[in-house]
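Asks: Here you go, structure16.txt (compact mmCIF, C-alpha atoms and all ligand atoms):
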# COMPACT_ATOMS: atom_id res chain seq x y z
CA MET A 1 177.99 40.50 65.31
CA TYR A 2 179.15 38.74 68.44
CA GLN A 3 181.34 39.64 71.43
CA ALA A 4 184.80 38.16 71.96
CA LYS A 5 187.16 38.30 74.94
CA ALA A 6 190.38 40.24 74.27
CA TYR A 7 193.16 42.30 75.82
CA SER A 8 193.24 45.96 74.85
CA ALA A 9 194.99 49.22 75.70
CA ALA A 10 192.87 52.31 76.37
CA SER A 11 195.66 54.89 75.84
CA PRO A 12 199.42 55.07 75.10
CA LYS A 13 200.13 55.04 78.83
CA SER A 14 197.66 52.40 79.98
CA PRO A 15 198.54 48.74 80.41
CA LEU A 16 196.77 46.11 78.33
CA ALA A 17 193.71 44.86 80.19
CA SER A 18 190.86 42.42 79.76
CA ALA A 19 188.09 43.70 77.47
CA THR A 20 185.28 42.59 75.18
CA ILE A 21 185.35 43.42 71.47
CA PRO A 22 182.87 43.03 68.62
CA ARG A 23 183.57 40.52 65.83
CA ARG A 24 181.50 40.15 62.68
CA GLU A 25 179.51 37.00 61.95
CA PRO A 26 181.33 35.14 59.17
CA SER A 27 180.08 36.11 55.70
CA GLU A 28 180.13 33.66 52.79
CA SER A 29 183.85 34.17 52.10
CA ASP A 30 184.96 34.33 55.75
CA VAL A 31 186.79 31.90 58.01
CA GLN A 32 186.19 32.09 61.77
CA ILE A 33 189.19 31.05 63.84
CA ASP A 34 189.51 30.16 67.50
CA ILE A 35 192.94 31.61 68.35
CA LEU A 36 195.37 29.19 70.03
CA PHE A 37 198.61 31.20 70.08
CA CYS A 38 199.54 34.79 69.28
CA GLY A 39 203.14 36.03 69.16
CA ILE A 40 204.20 39.36 70.66
CA CYS A 41 205.91 41.48 68.01
CA HIS A 42 207.82 44.62 68.96
CA SER A 43 205.46 46.40 66.53
CA ASP A 44 202.62 45.60 68.96
CA LEU A 45 204.49 47.56 71.62
CA HIS A 46 205.32 50.47 69.27
CA GLN A 47 201.66 50.64 68.21
CA VAL A 48 200.11 50.26 71.67
CA ARG A 49 202.32 53.09 72.96
CA ASN A 50 201.65 55.23 69.87
CA GLU A 51 205.36 55.42 69.04
CA TRP A 52 204.58 55.67 65.31
CA SER A 53 202.19 58.60 65.81
CA GLY A 54 203.54 60.51 62.78
CA PHE A 55 203.02 57.62 60.40
CA MET A 56 200.39 55.28 61.85
CA PRO A 57 198.65 56.98 64.79
CA THR A 58 197.03 54.51 67.16
CA VAL A 59 193.26 54.48 67.57
CA TYR A 60 192.12 53.39 71.04
CA PRO A 61 191.08 51.00 72.36
CA CYS A 62 193.87 49.06 70.63
CA VAL A 63 193.93 45.24 70.47
CA PRO A 64 197.32 44.26 69.00
CA GLY A 65 198.52 40.89 67.71
CA HIS A 66 199.36 39.78 64.16
CA GLU A 67 201.11 36.45 64.66
CA ILE A 68 198.04 34.25 64.90
CA VAL A 69 197.54 30.50 64.72
CA GLY A 70 194.31 28.77 65.58
CA ARG A 71 191.64 26.30 64.63
CA VAL A 72 188.79 26.96 62.22
CA THR A 73 185.41 26.96 63.98
CA SER A 74 183.21 27.84 61.02
CA VAL A 75 183.44 28.82 57.34
CA GLY A 76 181.15 30.74 54.96
CA SER A 77 179.34 28.93 52.15
CA ALA A 78 181.82 30.12 49.46
CA VAL A 79 184.96 29.08 51.36
CA THR A 80 186.78 26.27 49.56
CA ARG A 81 190.24 25.97 51.13
CA PHE A 82 189.30 25.57 54.82
CA LYS A 83 186.82 23.57 56.82
CA GLN A 84 185.85 23.37 60.46
CA GLY A 85 188.64 21.83 62.57
CA ASP A 86 191.52 22.82 60.26
CA LEU A 87 194.58 24.63 61.57
CA ALA A 88 194.85 28.14 60.17
CA ALA A 89 197.06 31.20 60.52
CA VAL A 90 196.69 34.94 60.05
CA GLY A 91 199.48 37.49 59.80
CA CYS A 92 199.60 41.27 59.48
CA LEU A 93 197.09 41.62 56.62
CA VAL A 94 193.37 40.78 56.63
CA ASP A 95 192.21 42.46 53.41
CA SER A 96 193.26 44.42 50.31
CA ASP A 97 191.40 45.74 47.27
CA GLY A 98 192.44 42.77 45.11
CA THR A 99 192.38 44.89 41.94
CA CYS A 100 195.36 47.27 42.04
CA SER A 101 198.64 46.44 40.29
CA GLU A 102 200.26 45.46 43.62
CA CYS A 103 197.51 42.99 44.46
CA ARG A 104 197.58 41.58 40.93
CA ALA A 105 201.32 41.05 41.37
CA GLY A 106 200.68 39.19 44.65
CA LEU A 107 202.21 42.03 46.67
CA GLU A 108 199.24 42.84 48.90
CA GLN A 109 201.60 44.41 51.46
CA PHE A 110 201.91 47.40 49.08
CA CYS A 111 198.19 47.74 48.25
CA PRO A 112 197.12 51.33 49.03
CA ASN A 113 193.84 49.93 50.37
CA ALA A 114 195.26 47.07 52.43
CA THR A 115 193.63 46.40 55.81
CA LEU A 116 196.06 45.57 58.60
CA THR A 117 195.06 43.02 61.22
CA TYR A 118 194.80 45.76 63.85
CA ASN A 119 194.54 49.55 63.91
CA SER A 120 193.20 49.75 60.32
CA PRO A 121 189.74 51.06 59.36
CA ASP A 122 187.30 48.14 59.65
CA LYS A 123 185.04 48.18 56.60
CA HIS A 124 182.63 45.67 58.12
CA LEU A 125 181.97 47.00 61.62
CA GLY A 126 183.31 50.57 61.46
CA GLY A 127 186.00 51.72 63.89
CA VAL A 128 189.31 49.90 63.58
CA THR A 129 190.34 46.28 63.22
CA TYR A 130 191.26 44.32 66.35
CA GLY A 131 194.17 41.88 66.41
CA GLY A 132 195.06 38.52 67.82
CA TYR A 133 195.19 39.15 71.58
CA SER A 134 191.66 37.79 71.55
CA GLU A 135 189.80 34.49 71.61
CA SER A 136 188.69 34.50 67.99
CA ILE A 137 188.97 36.35 64.68
CA VAL A 138 186.98 36.39 61.44
CA VAL A 139 189.03 36.82 58.25
CA ASP A 140 188.38 36.61 54.52
CA GLU A 141 189.63 33.27 53.20
CA ARG A 142 192.11 34.98 50.85
CA PHE A 143 194.11 36.12 53.90
CA VAL A 144 194.08 32.85 55.83
CA LEU A 145 197.25 30.72 55.65
CA ARG A 146 197.94 27.01 56.07
CA VAL A 147 200.25 25.83 58.86
CA PRO A 148 202.48 22.83 58.01
CA SER A 149 201.34 19.99 60.27
CA ASN A 150 204.84 19.17 61.58
CA LEU A 151 205.37 22.57 63.21
CA ASP A 152 204.85 23.29 66.91
CA LEU A 153 202.00 25.80 67.04
CA ALA A 154 203.36 28.13 69.74
CA GLY A 155 206.59 28.43 67.76
CA ALA A 156 204.82 28.69 64.40
CA ALA A 157 202.77 31.77 65.36
CA PRO A 158 205.77 34.16 65.10
CA LEU A 159 206.40 33.02 61.53
CA LEU A 160 203.36 35.09 60.53
CA CYS A 161 205.26 38.34 61.08
CA ALA A 162 208.85 37.72 62.22
CA GLY A 163 209.20 34.89 59.70
CA ILE A 164 207.81 36.58 56.60
CA THR A 165 209.36 39.99 57.39
CA THR A 166 212.83 38.45 57.32
CA TYR A 167 212.21 35.84 54.58
CA SER A 168 210.81 38.33 52.05
CA PRO A 169 213.77 40.76 51.82
CA MET A 170 216.26 37.89 51.84
CA ARG A 171 214.52 36.39 48.83
CA HIS A 172 214.25 39.77 47.14
CA TRP A 173 217.97 40.52 47.55
CA GLY A 174 219.06 37.08 46.42
CA VAL A 175 220.27 35.46 49.63
CA THR A 176 221.49 32.03 48.50
CA LYS A 177 224.31 29.59 49.04
CA GLY A 178 227.68 31.30 49.09
CA LYS A 179 226.41 34.77 50.02
CA LYS A 180 227.71 36.48 53.15
CA VAL A 181 224.75 37.75 55.17
CA GLY A 182 224.65 39.83 58.34
CA VAL A 183 221.75 39.97 60.79
CA VAL A 184 221.69 42.93 63.17
CA GLY A 185 219.72 42.60 66.43
CA ILE A 186 219.05 39.08 67.66
CA GLY A 187 215.49 39.56 68.86
CA GLY A 188 212.24 38.13 67.53
CA LEU A 189 212.90 39.08 63.91
CA GLY A 190 216.68 38.69 64.07
CA HIS A 191 216.67 35.14 65.42
CA MET A 192 214.25 34.10 62.66
CA ALA A 193 216.50 35.80 60.09
CA VAL A 194 219.48 33.77 61.32
CA LYS A 195 217.55 30.50 61.00
CA ILE A 196 216.15 31.34 57.57
CA ALA A 197 219.43 32.69 56.13
CA ARG A 198 221.15 29.51 57.29
CA ALA A 199 218.46 27.37 55.65
CA LEU A 200 218.90 29.37 52.43
CA GLY A 201 222.55 28.33 52.50
CA ALA A 202 224.21 31.66 53.31
CA HIS A 203 227.27 32.28 55.48
CA VAL A 204 225.57 34.02 58.41
CA VAL A 205 227.11 36.55 60.78
CA ALA A 206 224.97 37.66 63.74
CA PHE A 207 225.53 41.13 65.22
CA THR A 208 224.38 41.61 68.78
CA THR A 209 224.76 44.18 71.54
CA SER A 210 224.19 41.38 74.08
CA PRO A 211 227.36 39.28 74.71
CA ASN A 212 225.18 36.70 76.51
CA LYS A 213 223.45 35.85 73.19
CA LYS A 214 226.70 34.67 71.57
CA ASP A 215 226.26 30.93 72.19
CA ASP A 216 222.59 31.09 71.27
CA ALA A 217 223.32 32.83 67.98
CA LEU A 218 225.67 29.99 67.01
CA ARG A 219 223.06 27.42 68.03
CA LEU A 220 220.41 29.27 65.98
CA GLY A 221 222.61 28.83 62.90
CA ALA A 222 225.07 31.73 62.75
CA ASP A 223 228.55 30.85 61.45
CA GLU A 224 230.05 33.81 63.33
CA VAL A 225 228.87 36.22 66.01
CA VAL A 226 230.08 39.80 66.44
CA VAL A 227 229.44 41.84 69.58
CA SER A 228 228.73 45.09 67.79
CA ARG A 229 229.98 47.36 70.58
CA ASN A 230 233.50 45.99 69.90
CA ALA A 231 235.00 48.18 67.10
CA ASN A 232 237.87 45.75 66.41
CA GLU A 233 235.51 42.85 65.85
CA MET A 234 233.41 45.02 63.52
CA GLN A 235 236.47 46.19 61.55
CA LYS A 236 237.43 42.62 60.67
CA HIS A 237 234.32 42.40 58.47
CA ALA A 238 234.73 45.77 56.67
CA GLY A 239 233.64 45.71 53.01
CA SER A 240 232.68 42.03 53.00
CA PHE A 241 228.90 41.56 53.15
CA ASP A 242 226.56 40.93 50.23
CA PHE A 243 223.51 41.67 52.34
CA ILE A 244 222.71 42.84 55.86
CA LEU A 245 219.28 42.73 57.49
CA ASP A 246 218.84 45.32 60.25
CA ALA A 247 216.13 44.27 62.72
CA VAL A 248 216.89 46.70 65.55
CA ALA A 249 213.91 48.28 67.30
CA ALA A 250 215.77 51.28 68.80
CA ASP A 251 218.10 54.10 67.74
CA HIS A 252 221.56 52.83 66.66
CA ASP A 253 224.47 53.66 64.34
CA ILE A 254 223.57 52.24 60.95
CA ASN A 255 226.73 53.67 59.33
CA ALA A 256 228.80 51.10 61.17
CA TYR A 257 226.93 48.41 59.16
CA ILE A 258 226.88 50.25 55.83
CA ASN A 259 230.68 50.21 56.01
CA LEU A 260 230.65 46.42 56.27
CA LEU A 261 228.97 46.02 52.85
CA ARG A 262 231.02 45.14 49.78
CA ARG A 263 230.58 46.97 46.46
CA ASP A 264 226.89 46.97 45.48
CA GLY A 265 225.95 45.36 48.78
CA ASN A 266 222.58 46.14 50.31
CA ILE A 267 221.41 46.77 53.84
CA THR A 268 217.67 46.46 54.40
CA LEU A 269 215.89 47.94 57.38
CA VAL A 270 213.06 45.91 58.79
CA GLY A 271 213.40 47.38 62.28
CA ALA A 272 211.31 50.52 62.66
CA PRO A 273 212.73 52.68 65.48
CA GLU A 274 210.64 55.57 66.75
CA LYS A 275 213.21 58.21 65.70
CA PRO A 276 214.92 58.72 62.28
CA LEU A 277 218.37 57.16 61.78
CA ALA A 278 221.29 59.36 60.61
CA VAL A 279 222.93 58.12 57.39
CA ALA A 280 226.37 59.33 56.22
CA ALA A 281 226.19 59.79 52.43
CA PHE A 282 229.79 58.71 51.77
CA GLY A 283 229.22 55.28 53.25
CA LEU A 284 226.73 54.66 50.45
CA ILE A 285 228.55 56.59 47.72
CA PHE A 286 231.85 54.74 48.02
CA GLY A 287 231.00 51.23 47.02
CA ARG A 288 227.66 52.11 45.37
CA ARG A 289 226.01 50.47 48.35
CA SER A 290 222.28 50.70 48.89
CA LEU A 291 219.99 51.14 51.85
CA SER A 292 216.39 50.00 51.64
CA GLY A 293 213.43 48.92 53.72
CA SER A 294 210.92 46.11 53.52
CA PRO A 295 207.46 45.54 55.01
CA ILE A 296 206.17 42.05 55.89
CA GLY A 297 205.32 40.13 52.67
CA GLY A 298 202.43 39.23 50.36
CA ILE A 299 200.04 36.36 50.99
CA ALA A 300 201.50 33.93 48.43
CA GLU A 301 205.00 34.58 49.73
CA THR A 302 203.82 34.11 53.32
CA GLN A 303 202.49 30.67 52.38
CA GLU A 304 205.77 29.94 50.57
CA MET A 305 207.67 30.92 53.75
CA LEU A 306 205.44 28.71 55.94
CA ASP A 307 205.99 25.77 53.60
CA PHE A 308 209.76 26.47 53.55
CA CYS A 309 209.75 26.47 57.37
CA GLY A 310 207.76 23.23 57.33
CA GLU A 311 210.36 21.59 55.05
CA HIS A 312 213.30 22.84 57.12
CA ASP A 313 211.55 22.33 60.48
CA ILE A 314 211.96 25.99 61.42
CA THR A 315 209.91 27.65 64.17
CA ALA A 316 210.64 30.52 66.53
CA ASP A 317 212.28 29.87 69.89
CA VAL A 318 209.43 30.90 72.14
CA GLU A 319 208.67 31.59 75.76
CA VAL A 320 204.98 30.74 76.12
CA ILE A 321 203.17 33.09 78.49
CA PRO A 322 199.62 33.47 79.77
CA ILE A 323 197.86 36.62 78.54
CA GLN A 324 197.86 37.92 82.13
CA LYS A 325 201.68 38.37 81.82
CA VAL A 326 201.53 40.51 78.68
CA ASN A 327 202.44 43.84 80.33
CA GLU A 328 205.43 42.26 82.05
CA ALA A 329 206.44 40.76 78.70
CA TYR A 330 206.41 44.23 77.09
CA GLU A 331 208.82 45.56 79.74
CA ARG A 332 211.10 42.56 79.18
CA LEU A 333 210.97 43.12 75.41
CA LEU A 334 212.30 46.65 75.98
CA ARG A 335 215.23 45.17 77.91
CA SER A 336 215.93 42.59 75.11
CA ASP A 337 215.09 39.98 77.76
CA VAL A 338 213.30 37.35 75.67
CA LYS A 339 214.60 34.19 74.02
CA TYR A 340 213.47 34.93 71.43
CA ARG A 341 209.75 35.55 71.03
CA PHE A 342 206.89 35.61 73.50
CA SER A 343 203.98 33.48 72.34
CA ILE A 344 200.71 33.97 74.22
CA ASP A 345 198.75 30.83 75.06
CA MET A 346 195.32 32.25 74.25
CA ALA A 347 193.51 29.52 76.21
CA THR A 348 194.52 31.55 79.28
CA LEU A 349 192.15 34.31 78.16
CA LYS A 350 189.28 32.03 79.11
CA SER A 351 190.60 31.37 82.64
P1 LIG B 401 212.81 42.65 69.53
O1 LIG B 401 212.47 41.23 69.75
O2 LIG B 401 212.68 43.63 70.63
O3 LIG B 401 214.30 42.66 68.93
C1 LIG B 401 215.01 43.83 68.69
C2 LIG B 401 216.50 43.57 68.94
O4 LIG B 401 217.21 44.78 68.62
C3 LIG B 401 216.85 43.29 70.38
O5 LIG B 401 216.70 41.95 70.74
C4 LIG B 401 218.32 43.71 70.43
O6 LIG B 401 219.13 42.66 69.91
C5 LIG B 401 218.38 44.85 69.43
N1 LIG B 401 218.37 46.13 70.15
C6 LIG B 401 217.45 46.59 71.01
N2 LIG B 401 217.78 47.81 71.46
C7 LIG B 401 218.93 48.14 70.84
C8 LIG B 401 219.77 49.30 70.87
N3 LIG B 401 219.48 50.35 71.65
N4 LIG B 401 220.86 49.30 70.09
C9 LIG B 401 221.16 48.24 69.31
N5 LIG B 401 220.41 47.11 69.27
C10 LIG B 401 219.31 47.07 70.02
O7 LIG B 401 211.93 43.26 68.35
P2 LIG B 401 211.31 42.54 67.05
O8 LIG B 401 209.92 42.11 67.34
O9 LIG B 401 212.29 41.60 66.50
O10 LIG B 401 211.15 43.80 66.08
C11 LIG B 401 212.29 44.52 65.66
C12 LIG B 401 211.87 45.77 64.91
O11 LIG B 401 211.27 45.38 63.67
C13 LIG B 401 210.81 46.62 65.63
O12 LIG B 401 211.09 47.99 65.42
C14 LIG B 401 209.53 46.23 64.92
O13 LIG B 401 208.53 47.22 64.99
C15 LIG B 401 210.02 46.06 63.52
N6 LIG B 401 209.16 45.25 62.65
C16 LIG B 401 209.07 45.62 61.35
C17 LIG B 401 208.34 44.87 60.47
C18 LIG B 401 208.31 45.24 59.01
O14 LIG B 401 207.37 44.87 58.31
N7 LIG B 401 209.32 45.92 58.51
C19 LIG B 401 207.65 43.74 60.92
C20 LIG B 401 207.77 43.40 62.25
C21 LIG B 401 208.52 44.15 63.11
P3 LIG B 401 220.58 42.35 70.53
O15 LIG B 401 220.33 42.06 71.98
O16 LIG B 401 221.03 41.17 69.76
O17 LIG B 401 221.44 43.56 70.27
ZN ZN B 402 205.05 42.16 63.66
Taking this structure as input, can you express it in the form of structure tokens?

Replies:
Amino acid sequence: MYQAKAYSAASPKSPLASATIPRREPSESDVQIDILFCGICHSDLHQVRNEWSGFMPTVYPCVPGHEIVGRVTSVGSAVTRFKQGDLAAVGCLVDSDGTCSECRAGLEQFCPNATLTYNSPDKHLGGVTYGGYSESIVVDERFVLRVPSNLDLAGAAPLLCAGITTYSPMRHWGVTKGKKVGVVGIGGLGHMAVKIARALGAHVVAFTTSPNKKDDALRLGADEVVVSRNANEMQKHAGSFDFILDAVAADHDINAYINLLRRDGNITLVGAPEKPLAVAAFGLIFGRRSLSGSPIGGIAETQEMLDFCGEHDITADVEVIPIQKVNEAYERLLRSDVKYRFSIDMATLKS
């Protein structure tokens, strides 16, 4: 075991602050990574503030961060795919049982024994796992991803959660050329969804509550932008969407979007607001529409997404911040004041 510098929260009400955390020495199948950039996901904020207490209560101290890119500093003797000096990435998962039907299907995100990158029981050291707001991490090779060499690293980090969480349901629900796709909430996830849906060939409509994001949404790849507080603009799209991805982090009226789906259309929730959303049954009944959810993605699909982003030159639009600004960044995230993902330059942890 060794000690690593990190930023952690001591309680739901305390700010993130400098701390030291234990990391295991790499075992034969482990990769040790010096973290270069870590994205700030809205899930980090939900978890740090224990907003998912009913479902995933937070264990303190909490070190968030699951959008990790870095450089390999050492590998165990059985590691074959990475060597010292390679670029490497880690997302939301660091382990799973490898034997259940979900793991055998390459869907580790559904493994009942999956270990999340932070706030999951740590089978090596006891306590819980600690995430990427830290100088280094040690992860089993099976959960370490390759970063295409053409991608900017600060902008590639958010692909590890925002990228895969939007790519996976779009692939599952058949987003391809000719499909009409809506993206609700142009934040970290939403702006990635716009870029990816565009690259998949869809006709993309961005829905935003922020009129000042209109020009950006077009630049990101949307064909049309709707300011969702404008009922007339919404009505023009009634009954027309094949698929809508809802990436909103707060309470909102989902029925307004269900009514925009065509027959058999699907709306998938990836946003995870603190409070339940109210759903009107008739919106789903008429039109046989469906409402579903989707968590992150499996490891093979995450690599597929990274390679897809490499081919299409897709990264997140990031504002790079020093770790010392992380609490300010959380407040700005709550005000939707980020274009469009904060990426922490982890070298600043050493200063
Ligand atoms: P984010 O950057 O804060 O983006 C959320 C966006 O939602 C905002 O930019 C804003 O977009 C919109 N929004 C915020 N408040 C709103 C309100 N009151 N009414 C309507 N729209 C509002 O967050 P994120 O990191 O993209 O994460 C989004 C959600 O996905 C979070 O709940 C997060 O926990 C969840 N998540 C889920 C998974 C998964 O596996 N399913 C993975 C990662 C994250 P506009 O300004 O355009 O309206
Ligand atoms: Zn995330």

Asks: Counting all atoms listed in the file, figure out which residue out of A:Gly185, A:Gly265, A:Gly85, A:Pro121 gets nearest to Lys213 (chain A).

Replies: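 Closest residue, counting all atoms listed in the file: A:Gly185.
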
Asks: Can you build me a table of chain A residues sitting at most 6 Å from ligand LIG 401 (chain B), with the closest atom pair per residue and its distance in Å to one decimal, using only C-alpha atoms and all ligand atoms, sorted by chain and residue number, as a Markdown table?

Replies:
| residue | atom | partner | partner_atom | distance |
| --- | --- | --- | --- | --- |
| A:Cys41 | CA | B:LIG401 | O8 | 4.1 |
| A:His42 | CA | B:LIG401 | O8 | 3.7 |
| A:Ser43 | CA | B:LIG401 | O13 | 3.5 |
| A:Cys161 | CA | B:LIG401 | C20 | 5.8 |
| A:Ala162 | CA | B:LIG401 | C20 | 5.8 |
| A:Thr165 | CA | B:LIG401 | O14 | 5.3 |
| A:Gly185 | CA | B:LIG401 | O6 | 3.5 |
| A:Ile186 | CA | B:LIG401 | O16 | 3.6 |
| A:Gly187 | CA | B:LIG401 | O5 | 3.3 |
| A:Gly188 | CA | B:LIG401 | O9 | 3.6 |
| A:Leu189 | CA | B:LIG401 | O9 | 3.7 |
| A:Gly190 | CA | B:LIG401 | O9 | 5.8 |
| A:Thr208 | CA | B:LIG401 | O16 | 3.5 |
| A:Thr209 | CA | B:LIG401 | O17 | 3.6 |
| A:Ser210 | CA | B:LIG401 | O15 | 4.4 |
| A:Ala247 | CA | B:LIG401 | C11 | 4.8 |
| A:Val248 | CA | B:LIG401 | O4 | 3.6 |
| A:Ala249 | CA | B:LIG401 | O12 | 3.4 |
| A:Ala250 | CA | B:LIG401 | N3 | 4.8 |
| A:Asp251 | CA | B:LIG401 | N3 | 5.6 |
| A:His252 | CA | B:LIG401 | N4 | 5.0 |
| A:Val270 | CA | B:LIG401 | N7 | 3.8 |
| A:Gly271 | CA | B:LIG401 | O11 | 3.2 |
| A:Ala272 | CA | B:LIG401 | O12 | 3.8 |
| A:Pro273 | CA | B:LIG401 | O12 | 5.0 |
| A:Ser294 | CA | B:LIG401 | N7 | 5.2 |
| A:Pro295 | CA | B:LIG401 | O14 | 3.4 |
| A:Ile296 | CA | B:LIG401 | O14 | 3.9 |
| A:Leu333 | CA | B:LIG401 | O2 | 5.1 |
| A:Ser336 | CA | B:LIG401 | O5 | 4.5 |

Asks: Hey, can you check how far CA of Ser292 (chain A) sits from CA of Pro169 (chain A)?

Replies: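 So the answer is 9.6 Å.
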
Asks: Neighbourhood query: residues within 10 Å of (208.9, 33.7, 47.3), file coordinates, counting only C-alpha atoms; return as a ChimeraX atom specification.

Replies: /A:164,167-172,297-305,308

Asks: Of the residues A:Val31, A:Val138, A:Ile40, A:Ile285, which is the one nearest to ligand ZN 402 (chain B), using only C-alpha atoms and all ligand atoms?

Replies: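 For ligand ZN 402 (chain B), the nearest of the given residues is A:Ile40.
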
Asks: Show which residues sit within 6 Å of Gln32 (chain A), as a compact mmCIF listing (two decimals) with C-alpha atoms, in the coordinates of the input. Count only C-alpha atoms, and ignore same-chain residues fewer than 2 positions away.

Replies:
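Result went into selection_11.txt, see below:
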# COMPACT_ATOMS: atom_id res chain seq x y z
CA VAL A 72 188.79 26.96 62.22
CA THR A 73 185.41 26.96 63.98
CA SER A 74 183.21 27.84 61.02
CA ILE A 137 188.97 36.35 64.68
CA VAL A 138 186.98 36.39 61.44

Asks: Near Val204 (chain A), counting all atoms listed in the file, which residues have an atom at most 9 Å away, once you skip same-chain residues fewer than 6 positions from it, shown as a PyMOL selection string?

Replies: chain A and resi 179-183+194+197-198+221-225

Asks: Just checking: using all atoms listed in the file, which residue out of A:Gly131, A:Gly239, A:Pro148, A:Gly98 ends up closest to ligand ZN 402 (chain B)?

Replies: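 Result for the nearest residue to ligand ZN 402 (chain B): A:Gly131.
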
Asks: What's the 8 Å shell around Cys62 (chain A), counting all atoms listed in the file, without same-chain residues fewer than 3 positions away, as a PDB file with C-alpha atoms, in the frame of the given file?

Replies:
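The resulting file, result.pdb, is shown below:
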ATOM      1  CA  SER A   8     193.240  45.960  74.850  1.00  0.00           C
ATOM      2  CA  ALA A   9     194.990  49.220  75.700  1.00  0.00           C
ATOM      3  CA  ALA A  10     192.870  52.310  76.370  1.00  0.00           C
ATOM      4  CA  VAL A  48     200.110  50.260  71.670  1.00  0.00           C
ATOM      5  CA  THR A  58     197.030  54.510  67.160  1.00  0.00           C
ATOM      6  CA  VAL A  59     193.260  54.480  67.570  1.00  0.00           C
ATOM      7  CA  TYR A 118     194.800  45.760  63.850  1.00  0.00           C
ATOM      8  CA  ASN A 119     194.540  49.550  63.910  1.00  0.00           C
ATOM      9  CA  TYR A 130     191.260  44.320  66.350  1.00  0.00           C
TER      10      TYR A 130
END

Asks: Which of these residues is nearest to Leu306 (chain A), using only C-alpha atoms: A:Asn150, A:Ser29, A:Asn212, A:Gln324?

Replies: A:Asn150

Asks: Interatomic distance between CA of Thr117 (chain A) and CA of Cys92 (chain A)?

Replies: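 Those two atoms sit 5.2 Å apart.
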
Asks: Mind pulling up the distance from CA of Gly293 (chain A) to CA of Tyr257 (chain A)?

Replies: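 Spanning CA of Tyr257 (chain A) to CA of Gly293 (chain A) is a straight-line distance of 14.6 Å.
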
Asks: Please identify all polymer residues within 9 Å of Phe37 (chain A), counting only C-alpha atoms, omitting same-chain residues fewer than 6 positions from it, and present them as a list in words.

Replies: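 In the requested form, the answer reads Glu67, Ile68, Val69, Gly70, Gly132, Tyr133, Leu153, Ala154, Gly155, Ala156, Ala157, Val320, Ser343, Ile344, Asp345, Met346 and Ala347 of chain A.
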
Asks: So which residues are close to (189.0, 39.2, 80.6), meaning at most 10 Å away in the file's coordinates with all atoms listed in the file counted, and can you show them as a ChimeraX atom specification?

Replies: /A:4-8,17-20,134,323-324,348-351
